[in-house]
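Colleague: One file is attached below, start.cif, containing mmCIF, C-alpha atoms and all ligand atoms.
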```
data_model
#
loop_
_atom_site.label_atom_id
_atom_site.label_comp_id
_atom_site.auth_asym_id
_atom_site.auth_seq_id
_atom_site.Cartn_x
_atom_site.Cartn_y
_atom_site.Cartn_z
CA MET K 1 11.77 45.44 7.99
CA SER K 2 10.77 45.89 4.35
CA ILE K 3 12.62 44.71 1.33
CA LYS K 4 12.94 45.98 -2.19
CA ILE K 5 13.92 43.80 -5.09
CA GLU K 6 14.60 45.62 -8.35
CA SER K 7 15.05 43.37 -11.25
CA VAL K 8 15.93 43.77 -14.84
CA PHE K 9 14.70 41.12 -17.15
CA VAL K 10 17.10 40.47 -19.94
CA SER K 11 16.33 37.93 -22.51
CA PHE K 12 19.32 35.83 -23.43
CA ILE K 13 17.99 33.62 -26.09
CA LYS K 14 21.08 31.51 -26.43
CA LEU K 15 20.09 29.78 -23.26
CA ASN K 16 16.40 30.30 -23.85
CA ILE K 17 16.00 32.15 -20.65
CA ILE K 18 14.93 35.34 -19.11
CA ARG K 19 17.28 36.47 -16.45
CA LEU K 20 16.84 38.23 -13.23
CA PHE K 21 18.91 41.12 -12.08
CA ALA K 22 17.73 41.76 -8.59
CA LYS K 23 18.66 44.61 -6.38
CA ILE K 24 17.33 44.40 -2.90
CA ASN K 25 17.26 47.33 -0.55
CA ILE K 26 16.34 46.59 2.99
CA HIS K 27 14.52 49.25 4.98
CA SER K 28 13.49 49.26 8.55
CA PRO K 29 11.44 49.29 10.60
CA ASP K 30 9.12 46.68 9.25
CA THR K 31 5.91 48.57 8.88
CA PHE K 32 3.89 46.31 6.62
CA THR K 33 3.60 42.59 6.92
CA ASN K 34 1.21 40.01 5.61
CA MET K 35 -0.16 39.70 9.08
CA SER K 36 -0.94 43.36 9.64
CA PHE K 37 -2.82 43.93 6.37
CA PRO K 38 -5.34 41.34 5.35
CA ASN K 39 -5.18 42.52 1.71
CA ASN K 40 -1.43 41.80 1.54
CA LEU K 41 -0.89 38.57 -0.25
CA VAL K 42 1.13 36.75 -2.84
CA ARG K 43 -0.73 34.61 -5.34
CA THR K 44 -0.82 33.51 -8.96
CA TYR K 45 -1.95 35.88 -11.68
CA ASN K 46 -5.51 35.76 -12.97
CA GLN K 47 -7.16 37.53 -15.90
CA ASN K 48 -8.64 40.25 -13.65
CA ASP K 49 -5.09 41.31 -12.78
CA LYS K 50 -4.27 42.33 -16.35
CA ASN K 51 -5.05 46.05 -16.07
CA PRO K 52 -3.60 46.61 -12.57
CA LEU K 53 -0.49 44.69 -13.62
CA LEU K 54 -0.10 46.72 -16.81
CA SER K 55 -0.40 50.00 -14.91
CA TYR K 56 2.09 48.73 -12.35
CA LEU K 57 4.54 47.75 -15.09
CA LYS K 58 4.11 51.05 -16.94
CA GLY K 59 4.94 52.89 -13.72
CA GLN K 60 8.33 51.21 -13.54
CA LYS K 61 11.48 52.43 -15.20
CA ALA K 62 11.64 51.32 -18.82
CA SER K 63 15.27 50.42 -18.26
CA GLN K 64 13.98 47.59 -16.12
CA THR K 65 13.48 45.62 -19.25
CA GLY K 66 12.06 42.71 -17.29
CA ASN K 67 9.05 44.84 -16.71
CA THR K 68 9.04 45.77 -20.37
CA PHE K 69 9.12 42.15 -21.46
CA LEU K 70 6.37 41.14 -19.05
CA GLN K 71 4.37 44.09 -20.31
CA LYS K 72 4.81 42.84 -23.87
CA ILE K 73 3.73 39.34 -22.91
CA MET K 74 0.62 40.77 -21.27
CA GLU K 75 -0.26 43.28 -23.98
CA LYS K 76 0.37 41.06 -26.96
CA GLY K 77 -0.83 37.87 -25.30
CA LEU K 78 2.42 36.18 -26.35
CA GLN K 79 2.45 32.46 -25.74
CA LYS K 80 5.68 30.90 -24.59
CA PRO K 81 5.52 27.18 -25.16
CA GLY K 82 5.04 25.46 -21.80
CA TYR K 83 4.51 28.74 -19.92
CA SER K 84 1.20 29.84 -18.47
CA VAL K 85 0.69 33.26 -16.84
CA GLU K 86 -2.03 31.78 -14.65
CA LYS K 87 0.30 29.16 -13.21
CA ASP K 88 3.80 30.55 -13.56
CA LEU K 89 3.43 34.23 -12.72
CA PHE K 90 3.10 35.29 -9.08
CA LEU K 91 2.00 38.72 -7.92
CA ALA K 92 2.60 40.34 -4.55
CA TRP K 93 -0.10 42.70 -3.32
CA GLU K 94 0.10 45.15 -0.44
CA LYS K 95 -2.75 47.37 0.69
CA GLY K 96 -4.66 46.38 -2.43
CA ARG K 97 -1.86 47.33 -4.85
CA ILE K 98 0.57 45.22 -6.84
CA VAL K 99 4.06 45.65 -5.46
CA GLY K 100 5.96 42.88 -7.19
CA TRP K 101 5.97 39.84 -9.39
CA MET K 102 7.99 36.72 -10.06
CA ASN K 103 7.96 34.51 -13.10
CA VAL K 104 8.91 30.85 -13.42
CA PHE K 105 10.25 29.87 -16.83
CA PHE K 106 10.67 26.12 -16.96
CA GLU K 107 13.07 24.54 -19.44
CA SER K 108 11.92 20.98 -19.82
CA HIS K 109 14.89 19.59 -21.69
CA ILE K 110 17.35 20.45 -18.95
CA GLN K 111 14.79 20.39 -16.13
CA ARG K 112 15.61 23.78 -14.75
CA ALA K 113 13.43 26.76 -13.89
CA VAL K 114 14.69 30.31 -14.33
CA LEU K 115 13.12 32.84 -12.02
CA SER K 116 12.83 36.51 -12.86
CA GLY K 117 10.99 39.32 -11.26
CA TYR K 118 10.73 42.75 -9.80
CA SER K 119 9.34 43.77 -6.47
CA ARG K 120 9.24 46.43 -3.90
CA THR K 121 7.60 44.58 -1.11
CA THR K 122 7.74 43.79 2.54
CA LYS K 123 10.23 41.09 3.39
CA ASN K 124 7.40 38.64 3.95
CA SER K 125 6.05 39.26 0.46
CA ALA K 126 9.49 38.96 -1.14
CA ASP K 127 10.01 35.66 0.71
CA SER K 128 6.60 34.42 -0.37
CA LEU K 129 7.17 35.37 -4.01
CA LEU K 130 10.34 33.34 -4.02
CA GLU K 131 8.97 30.42 -2.02
CA LEU K 132 5.87 30.07 -4.20
CA SER K 133 8.00 30.28 -7.34
CA ILE K 134 10.31 27.55 -6.06
CA GLU K 135 7.29 25.42 -5.16
CA ARG K 136 5.95 25.87 -8.68
CA ALA K 137 9.34 24.88 -10.12
CA GLY K 138 9.11 21.70 -8.04
CA GLU K 139 5.64 20.92 -9.42
CA LEU K 140 7.08 21.26 -12.90
CA GLU K 141 9.69 18.63 -11.96
CA ALA K 142 12.57 21.11 -12.15
CA LYS K 143 15.75 19.71 -10.63
CA LYS K 144 17.20 23.17 -10.07
CA VAL K 145 16.22 26.80 -9.98
CA HIS K 146 18.38 29.61 -11.34
CA VAL K 147 18.46 33.37 -10.89
CA TYR K 148 20.84 35.84 -12.49
CA LEU K 149 22.23 38.72 -10.44
CA PRO K 150 24.74 41.52 -10.88
CA GLU K 151 27.91 40.64 -9.04
CA LYS K 152 27.84 43.89 -7.09
CA ASN K 153 24.33 43.45 -5.78
CA ASN K 154 25.17 42.33 -2.27
CA GLU K 155 21.65 42.65 -0.90
CA ALA K 156 20.17 40.46 -3.62
CA ARG K 157 22.94 37.96 -3.15
CA LYS K 158 22.23 37.82 0.56
CA PHE K 159 18.52 37.38 -0.06
CA PHE K 160 19.01 34.42 -2.40
CA ILE K 161 21.78 32.85 -0.33
CA ASN K 162 19.43 32.99 2.65
CA HIS K 163 17.00 31.00 0.55
CA GLY K 164 19.56 28.30 -0.20
CA PHE K 165 21.03 29.56 -3.50
CA VAL K 166 24.73 29.26 -4.33
CA PRO K 167 26.73 30.97 -7.13
CA VAL K 168 27.51 28.58 -9.98
CA ARG K 169 28.59 30.60 -13.01
CA THR K 170 29.82 34.05 -14.01
CA PHE K 171 28.74 35.79 -17.19
CA LEU K 172 30.28 38.96 -18.58
CA GLU K 173 28.41 41.93 -19.93
CA MET K 174 30.53 43.44 -22.71
CA THR K 175 29.85 46.66 -24.56
CA ILE K 176 31.09 48.71 -27.45
CA ASP K 177 30.39 52.43 -27.62
CA PHE K 178 30.65 53.74 -31.15
CA SER K 179 30.90 57.34 -29.98
CA LYS K 180 33.88 56.57 -27.77
CA THR K 181 35.58 54.19 -30.13
CA PRO K 182 35.03 55.57 -33.59
CA GLU K 183 37.83 53.41 -34.91
CA SER K 184 35.75 50.35 -33.98
CA ALA K 185 32.79 51.88 -35.68
CA ASN K 186 34.83 52.32 -38.82
CA ASN K 187 35.92 48.75 -38.63
CA ILE K 188 32.51 47.20 -38.92
CA SER K 189 31.48 47.76 -42.47
CA GLY K 190 30.96 44.04 -43.07
CA PRO K 191 28.30 43.07 -45.57
CA TYR K 192 24.90 42.08 -44.30
CA ASP K 193 23.11 41.00 -47.37
CA ASN K 194 22.32 37.53 -46.06
CA HIS K 195 19.31 37.31 -43.81
CA PHE K 196 16.97 34.66 -42.56
CA LYS K 197 13.61 34.93 -44.23
CA PRO K 198 10.12 34.57 -42.82
CA GLY K 199 9.37 30.86 -42.82
CA GLU K 200 12.96 29.91 -41.94
CA GLU K 201 12.40 29.84 -38.16
CA GLU K 202 12.86 26.07 -38.16
CA GLN K 203 16.27 26.38 -39.82
CA LEU K 204 17.27 29.05 -37.30
CA ALA K 205 16.22 26.81 -34.40
CA GLY K 206 18.15 23.88 -35.89
CA LEU K 207 21.30 25.92 -36.47
CA GLN K 208 21.16 27.43 -33.01
CA ASN K 209 20.77 24.03 -31.38
CA ILE K 210 23.81 22.68 -33.26
CA CYS K 211 25.94 25.75 -32.47
CA PHE K 212 25.19 25.76 -28.74
CA GLU K 213 25.05 22.04 -28.07
CA GLY K 214 27.24 21.38 -25.03
CA SER K 215 27.14 25.01 -23.82
CA TRP K 216 26.46 25.39 -20.12
CA ASP K 217 22.77 24.86 -19.35
CA PHE K 218 21.66 25.31 -22.91
CA ASN K 219 18.06 24.30 -23.43
CA PRO K 220 17.44 23.49 -27.11
CA ASN K 221 14.89 25.75 -28.74
CA THR K 222 11.94 24.62 -30.81
CA THR K 223 10.62 26.57 -33.79
CA GLU K 224 7.82 27.86 -31.53
CA ASP K 225 10.39 29.05 -28.99
CA ILE K 226 12.20 30.95 -31.73
CA ARG K 227 8.93 32.60 -32.80
CA PHE K 228 8.26 33.57 -29.19
CA TRP K 229 11.70 35.13 -28.71
CA LEU K 230 11.53 36.98 -32.02
CA ALA K 231 8.17 38.45 -30.98
CA LEU K 232 9.30 39.22 -27.44
CA THR K 233 12.44 41.02 -28.47
CA GLY K 234 10.72 42.70 -31.39
CA THR K 235 13.27 41.23 -33.80
CA LYS K 236 12.27 40.60 -37.37
CA ILE K 237 13.72 37.33 -38.58
CA GLU K 238 15.07 39.30 -41.56
CA ASP K 239 17.37 41.10 -39.10
CA VAL K 240 19.04 37.85 -38.12
CA ILE K 241 22.09 37.60 -40.32
CA VAL K 242 23.14 34.26 -41.67
CA GLU K 243 26.25 32.87 -43.34
CA LYS K 244 25.34 30.31 -45.97
CA LYS K 245 27.18 28.05 -48.38
CA ALA K 246 24.79 26.95 -51.11
CA LYS K 247 21.79 25.83 -49.04
CA GLU K 248 23.80 25.03 -45.91
CA PHE K 249 23.47 27.37 -42.91
CA LEU K 250 26.94 27.86 -41.41
CA GLY K 251 26.42 30.55 -38.78
CA TYR K 252 24.20 33.37 -37.65
CA CYS K 253 24.16 36.62 -35.70
CA TRP K 254 20.95 37.68 -33.99
CA ASN K 255 20.93 41.33 -33.04
CA HIS K 256 18.23 43.77 -32.14
CA LEU K 257 17.44 47.24 -30.88
CA VAL K 258 16.87 47.77 -27.19
CA LEU K 259 13.65 49.56 -26.34
CA PRO K 260 14.47 53.15 -25.46
CA ASP K 261 14.08 54.41 -21.92
CA VAL K 262 11.48 57.08 -22.44
CA LYS K 263 12.12 58.64 -19.05
CA LYS K 264 15.69 59.63 -19.66
CA ALA K 265 17.63 60.72 -22.67
CA SER K 266 20.15 57.99 -23.26
CA LYS K 267 22.18 56.58 -26.06
CA LYS K 268 20.32 54.42 -28.52
CA LYS K 269 21.16 50.86 -27.61
CA GLY K 270 21.35 47.57 -29.39
CA ARG K 271 22.25 44.01 -28.45
CA ILE K 272 24.03 41.17 -30.08
CA TYR K 273 21.92 38.38 -28.65
CA MET K 274 23.50 35.32 -30.07
CA VAL K 275 26.23 34.40 -32.43
CA GLY K 276 26.84 30.85 -33.46
CA VAL K 277 28.97 29.10 -36.04
CA HIS K 278 28.48 25.46 -36.98
CA PRO K 279 31.25 23.44 -35.25
CA ALA K 280 32.53 22.16 -38.59
CA HIS K 281 33.19 25.70 -39.84
CA ARG K 282 34.79 27.42 -36.84
CA GLY K 283 38.11 29.21 -36.80
CA LEU K 284 37.65 30.49 -40.36
CA GLY K 285 36.61 34.04 -39.63
CA ILE K 286 32.87 33.43 -40.03
CA GLY K 287 31.97 34.48 -36.47
CA LYS K 288 33.86 37.73 -36.84
CA LYS K 289 32.28 38.49 -40.19
CA LEU K 290 28.82 37.85 -38.75
CA VAL K 291 29.31 40.08 -35.70
CA ARG K 292 30.78 42.83 -37.89
CA SER K 293 27.68 42.58 -40.02
CA GLY K 294 25.45 42.68 -36.93
CA LEU K 295 27.22 45.80 -35.67
CA SER K 296 26.96 47.37 -39.07
CA LEU K 297 23.24 46.69 -39.18
CA LEU K 298 22.75 48.21 -35.73
CA LYS K 299 24.86 51.22 -36.64
CA ALA K 300 22.72 51.79 -39.69
CA LYS K 301 19.81 52.11 -37.23
CA ASP K 302 21.70 54.85 -35.34
CA VAL K 303 22.58 52.63 -32.39
CA GLN K 304 25.46 54.08 -30.35
CA LEU K 305 25.96 51.48 -27.65
CA VAL K 306 25.93 47.73 -28.23
CA GLY K 307 25.90 45.18 -25.42
CA LEU K 308 26.16 41.42 -25.25
CA THR K 309 26.57 38.68 -22.68
CA VAL K 310 29.15 35.93 -22.72
CA ASP K 311 30.02 33.11 -20.35
CA GLU K 312 33.31 33.88 -18.60
CA THR K 313 34.58 30.41 -19.55
CA ASN K 314 33.79 30.87 -23.24
CA VAL K 315 37.31 31.42 -24.60
CA ALA K 316 36.31 31.61 -28.26
CA GLY K 317 33.38 33.96 -27.62
CA LYS K 318 35.47 36.32 -25.48
CA ALA K 319 38.28 36.35 -28.08
CA LEU K 320 35.81 37.07 -30.84
CA TYR K 321 34.22 40.02 -29.05
CA ALA K 322 37.51 41.45 -27.80
CA SER K 323 38.91 41.29 -31.34
CA LEU K 324 36.08 43.60 -32.42
CA GLY K 325 36.61 46.17 -29.66
CA PHE K 326 34.09 45.03 -27.04
CA SER K 327 35.23 45.57 -23.47
CA LEU K 328 34.07 44.36 -20.09
CA ASN K 329 31.29 46.41 -18.58
CA SER K 330 30.08 44.30 -15.66
CA ARG K 331 29.91 40.79 -14.29
CA ASN K 332 26.79 38.86 -13.39
CA LEU K 333 26.39 35.68 -11.45
CA TRP K 334 24.09 32.75 -11.89
CA PHE K 335 22.81 31.44 -8.57
CA GLU K 336 21.39 27.98 -8.24
CA LYS K 337 19.18 26.19 -5.79
CA HIS K 338 19.25 22.46 -6.16
CA LEU K 339 15.81 20.89 -5.83
CA LYS K 340 16.25 17.16 -6.44
CA ASP K 341 18.31 14.57 -8.35
C1 LIG H 1 32.31 31.90 -30.66
C2 LIG H 1 32.16 31.47 -32.11
C3 LIG H 1 30.90 32.15 -32.69
C4 LIG H 1 33.39 31.94 -32.89
O1 LIG H 1 33.16 31.73 -34.28
P1 LIG H 1 34.37 31.44 -35.30
O2 LIG H 1 33.83 31.56 -36.68
O3 LIG H 1 35.01 30.17 -34.95
O4 LIG H 1 35.35 32.66 -34.93
P2 LIG H 1 36.36 33.38 -35.92
O5 LIG H 1 37.06 32.35 -36.76
O6 LIG H 1 35.64 34.45 -36.68
O7 LIG H 1 37.37 34.03 -34.90
C5 LIG H 1 37.15 35.30 -34.37
C6 LIG H 1 38.25 35.67 -33.40
O8 LIG H 1 38.15 34.85 -32.22
C7 LIG H 1 39.33 34.08 -32.06
N1 LIG H 1 38.96 32.71 -31.71
C8 LIG H 1 38.01 31.95 -32.32
N2 LIG H 1 37.96 30.74 -31.74
C9 LIG H 1 38.89 30.76 -30.75
C10 LIG H 1 39.29 29.81 -29.78
N3 LIG H 1 38.72 28.59 -29.73
N4 LIG H 1 40.25 30.15 -28.92
C11 LIG H 1 40.81 31.39 -28.93
N5 LIG H 1 40.45 32.35 -29.83
C12 LIG H 1 39.52 32.03 -30.73
C13 LIG H 1 40.01 34.09 -33.41
O9 LIG H 1 41.39 33.94 -33.26
C14 LIG H 1 39.62 35.42 -33.96
O10 LIG H 1 40.42 36.48 -33.43
P3 LIG H 1 41.42 37.33 -34.37
O11 LIG H 1 40.58 37.86 -35.49
O12 LIG H 1 41.95 38.39 -33.47
O13 LIG H 1 42.42 36.34 -34.83
C15 LIG H 1 32.05 29.93 -32.24
O14 LIG H 1 33.11 29.34 -31.54
C16 LIG H 1 30.74 29.35 -31.70
O15 LIG H 1 29.73 29.28 -32.43
N6 LIG H 1 30.74 28.92 -30.43
C17 LIG H 1 29.55 28.36 -29.79
C18 LIG H 1 28.48 29.40 -29.58
C19 LIG H 1 29.02 30.57 -28.75
O16 LIG H 1 29.68 30.35 -27.76
N7 LIG H 1 28.70 31.81 -29.19
C20 LIG H 1 29.21 33.02 -28.56
C21 LIG H 1 28.72 33.28 -27.20
S1 LIG H 1 27.18 34.07 -27.11
#
```
Take the structure I supplied and represent it as structure tokens, if you would.
Ligand SMILES: CC(C)(COP(=O)(O)OP(=O)(O)OC[C@H]1O[C@@H](n2cnc3c(N)ncnc32)[C@H](O)[C@@H]1OP(=O)(O)O)[C@@H](O)C(=O)NCCC(=O)NCCS
Modeller:
Amino acid sequence: MSIKIESVFVSFIKLNIIRLFAKINIHSPDTFTNMSFPNNLVRTYNQNDKNPLLSYLKGQKASQTGNTFLQKIMEKGLQKPGYSVEKDLFLAWEKGRIVGWMNVFFESHIQRAVLSGYSRTTKNSADSLLELSIERAGELEAKKVHVYLPEKNNEARKFFINHGFVPVRTFLEMTIDFSKTPESANNISGPYDNHFKPGEEEQLAGLQNICFEGSWDFNPNTTEDIRFWLALTGTKIEDVIVEKKAKEFLGYCWNHLVLPDVKKASKKKGRIYMVGVHPAHRGLGIGKKLVRSGLSLLKAKDVQLVGLTVDETNVAGKALYASLGFSLNSRNLWFEKHLKD
């Protein structure tokens, strides 16, 4: 039996994570196993793997943005604080070729590790990728491991449940399509003349940490984390809109363009990554003004489809997005494996 895990890596900076969307297709019979081919193995990345890994990633669909992000990390040599490709990235090889990978992103403040990956491997290799990643999470003193899966992906669910994962949270993917809802598009001409400036990464980190304190599994970001995520998502800090009163930062909206899928003609996409309003200034229309401005900025870049993710239990967030015309597109589940207390 062979197993295919397709994953889409989506950065969701609010929680300082990269998330896994895994789709597993199971084929039979099992033609390739670790036992039958001595050059089938799963191991950590080393510098000699750079070129084979890059060609492997380039051969994947660009819409699998997990591959795109990993590609960016490799090409640009981006450094995520606390993350090491040599220790935290596992590669599966079959018949001398890379067939999959899995990443372990550890969040020290909340002692969790978020796994992400993509693979088209034999079942043994898929199992090994996951087992080695969980072992690594344990070495890092993670108390739990999380993966993020589309609700409809039964095969992936089965795979992770078989490895001891249980669903713990539902997040919603909401979208707005300007071409289908022109009235929404006309309703977004909010001003966006306030931006963060280069050098204000520390203020952005501080504001974000205040806004999201108490949110489910939020790992506070450092200034270095913010720099990493800006670089990874290709966002210029100037494109992060801010609401200010004198020198006080009251709220922000971080939006960005999604890399186009070069293999198929599709609508130009953007994302609202994070919106936060200082707790002392909520309920005054600031969040709505900021998201309007974010949409306006994306529209000015010819974006047609805007997506975002929100926790199903986030009443204020859902109300805010619905009030601007966003509607539910899909549901995704967080799965957890508890490691220790
Ligand atoms: C979500 C958040 C950004 C809203 O900001 P805000 O400035 O308080 O929101 P606004 O005052 O602009 O309200 C926008 C809309 O949401 C509704 N809303 C806001 N807070 C609400 C609440 N607690 N319950 C129900 N509806 C709420 C408002 O009624 C308004 O809708 P309307 O225009 O149809 O009346 C803010 O609560 C926040 O920062 N939360 C923590 C971070 C977060 O969860 N971000 C979003 C998820 S990624």
Colleague: At a cut-off of 10 Å and counting only C-alpha atoms and all ligand atoms, what residues surround ligand LIG 1 (chain H)? Please answer as an NGL selection string.
Modeller: :K and (12-15 or 207-216 or 250-254 or 272-292 or 308-324)
Colleague: Using all atoms listed in the file, find the one residue out of K:Thr222, K:Ser125, K:Ser119, K:Asn162 that sits nearest to Leu57 (chain K).
Modeller: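 Going through K:Thr222, K:Ser125, K:Ser119, K:Asn162 one by one, the smallest distance to Leu57 (chain K) is for K:Ser119.
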Colleague: Considering all atoms listed in the file, return as a PyMOL selection string whatever protein or nucleic-acid residues lie within 8 Å of region 327-333 of chain K, sequence-local ones (same chain, fewer than 2 positions apart) excluded.
Modeller: chain K and resi 148-151+167-176+321-322+325+335
Colleague: For Ala300 (chain K), which residue out of K:Glu107, K:Asp88, K:Glu202, K:Asp239 is the nearest one, using all atoms listed in the file?
Modeller: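 Selected residue with least distance to Ala300 (chain K): K:Asp239.
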Colleague: Using only C-alpha atoms, which residue out of K:Phe249, K:Phe178, K:Trp229, K:Trp334 lies closest to Leu295 (chain K)?
Modeller: K:Phe178
Colleague: Residues near Asp225 (chain K), anyone? I mean within 10 Å using all atoms listed in the file, not counting same-chain ones fewer than 5 positions away, as a list in words.
Modeller: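 The residues that qualify are Ile13, Asn16, Gln79, Lys80, Pro81, Gly82, Glu201, Glu202, Ala205, Pro220, Leu230 and Ala231 of chain K.
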Colleague: Box in all listed atoms of region 88-105 of chain K, axis-aligned, with 5 Å more on each side; write out centre and edge lengths in Å to one decimal as lines of an AutoDock Vina configuration file.
Modeller:
```
center_x = 2.8
center_y = 38.6
center_z = -8.1
size_x = 24.9
size_y = 27.5
size_z = 27.5
```
Colleague: Can you list, as a ChimeraX atom specification, every protein, DNA or RNA residue that comes within 6 Å of region 95-99 of chain K when you count all atoms listed in the file, leaving out same-chain residues fewer than 2 positions away?
Modeller: /K:39-40,92-93,119-121
Colleague: Go ahead and save the picked residues with C-alpha atoms, as a PDB file, in the coordinates of the input.
Modeller:
```
ATOM      1  CA  ASN K  39      -5.180  42.520   1.710  1.00  0.00           C
ATOM      2  CA  ASN K  40      -1.430  41.800   1.540  1.00  0.00           C
ATOM      3  CA  ALA K  92       2.600  40.340  -4.550  1.00  0.00           C
ATOM      4  CA  TRP K  93      -0.100  42.700  -3.320  1.00  0.00           C
ATOM      5  CA  SER K 119       9.340  43.770  -6.470  1.00  0.00           C
ATOM      6  CA  ARG K 120       9.240  46.430  -3.900  1.00  0.00           C
ATOM      7  CA  THR K 121       7.600  44.580  -1.110  1.00  0.00           C
TER       8      THR K 121
END
```
Colleague: Please determine, counting only C-alpha atoms, which residue among K:Asn255, K:Pro52, K:Phe228, K:Asn154 has the shortest atom-to-atom distance to His195 (chain K).
Modeller: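 Between K:Asn255, K:Pro52, K:Phe228, K:Asn154, the residue approaching His195 (chain K) most closely is K:Asn255.
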Colleague: One number please: CA of Val303 (chain K) to CA of Leu257 (chain K), in Å, one decimal.
Modeller: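 Value for the CA of Val303 (chain K)-CA of Leu257 (chain K) distance: 7.6 Å.
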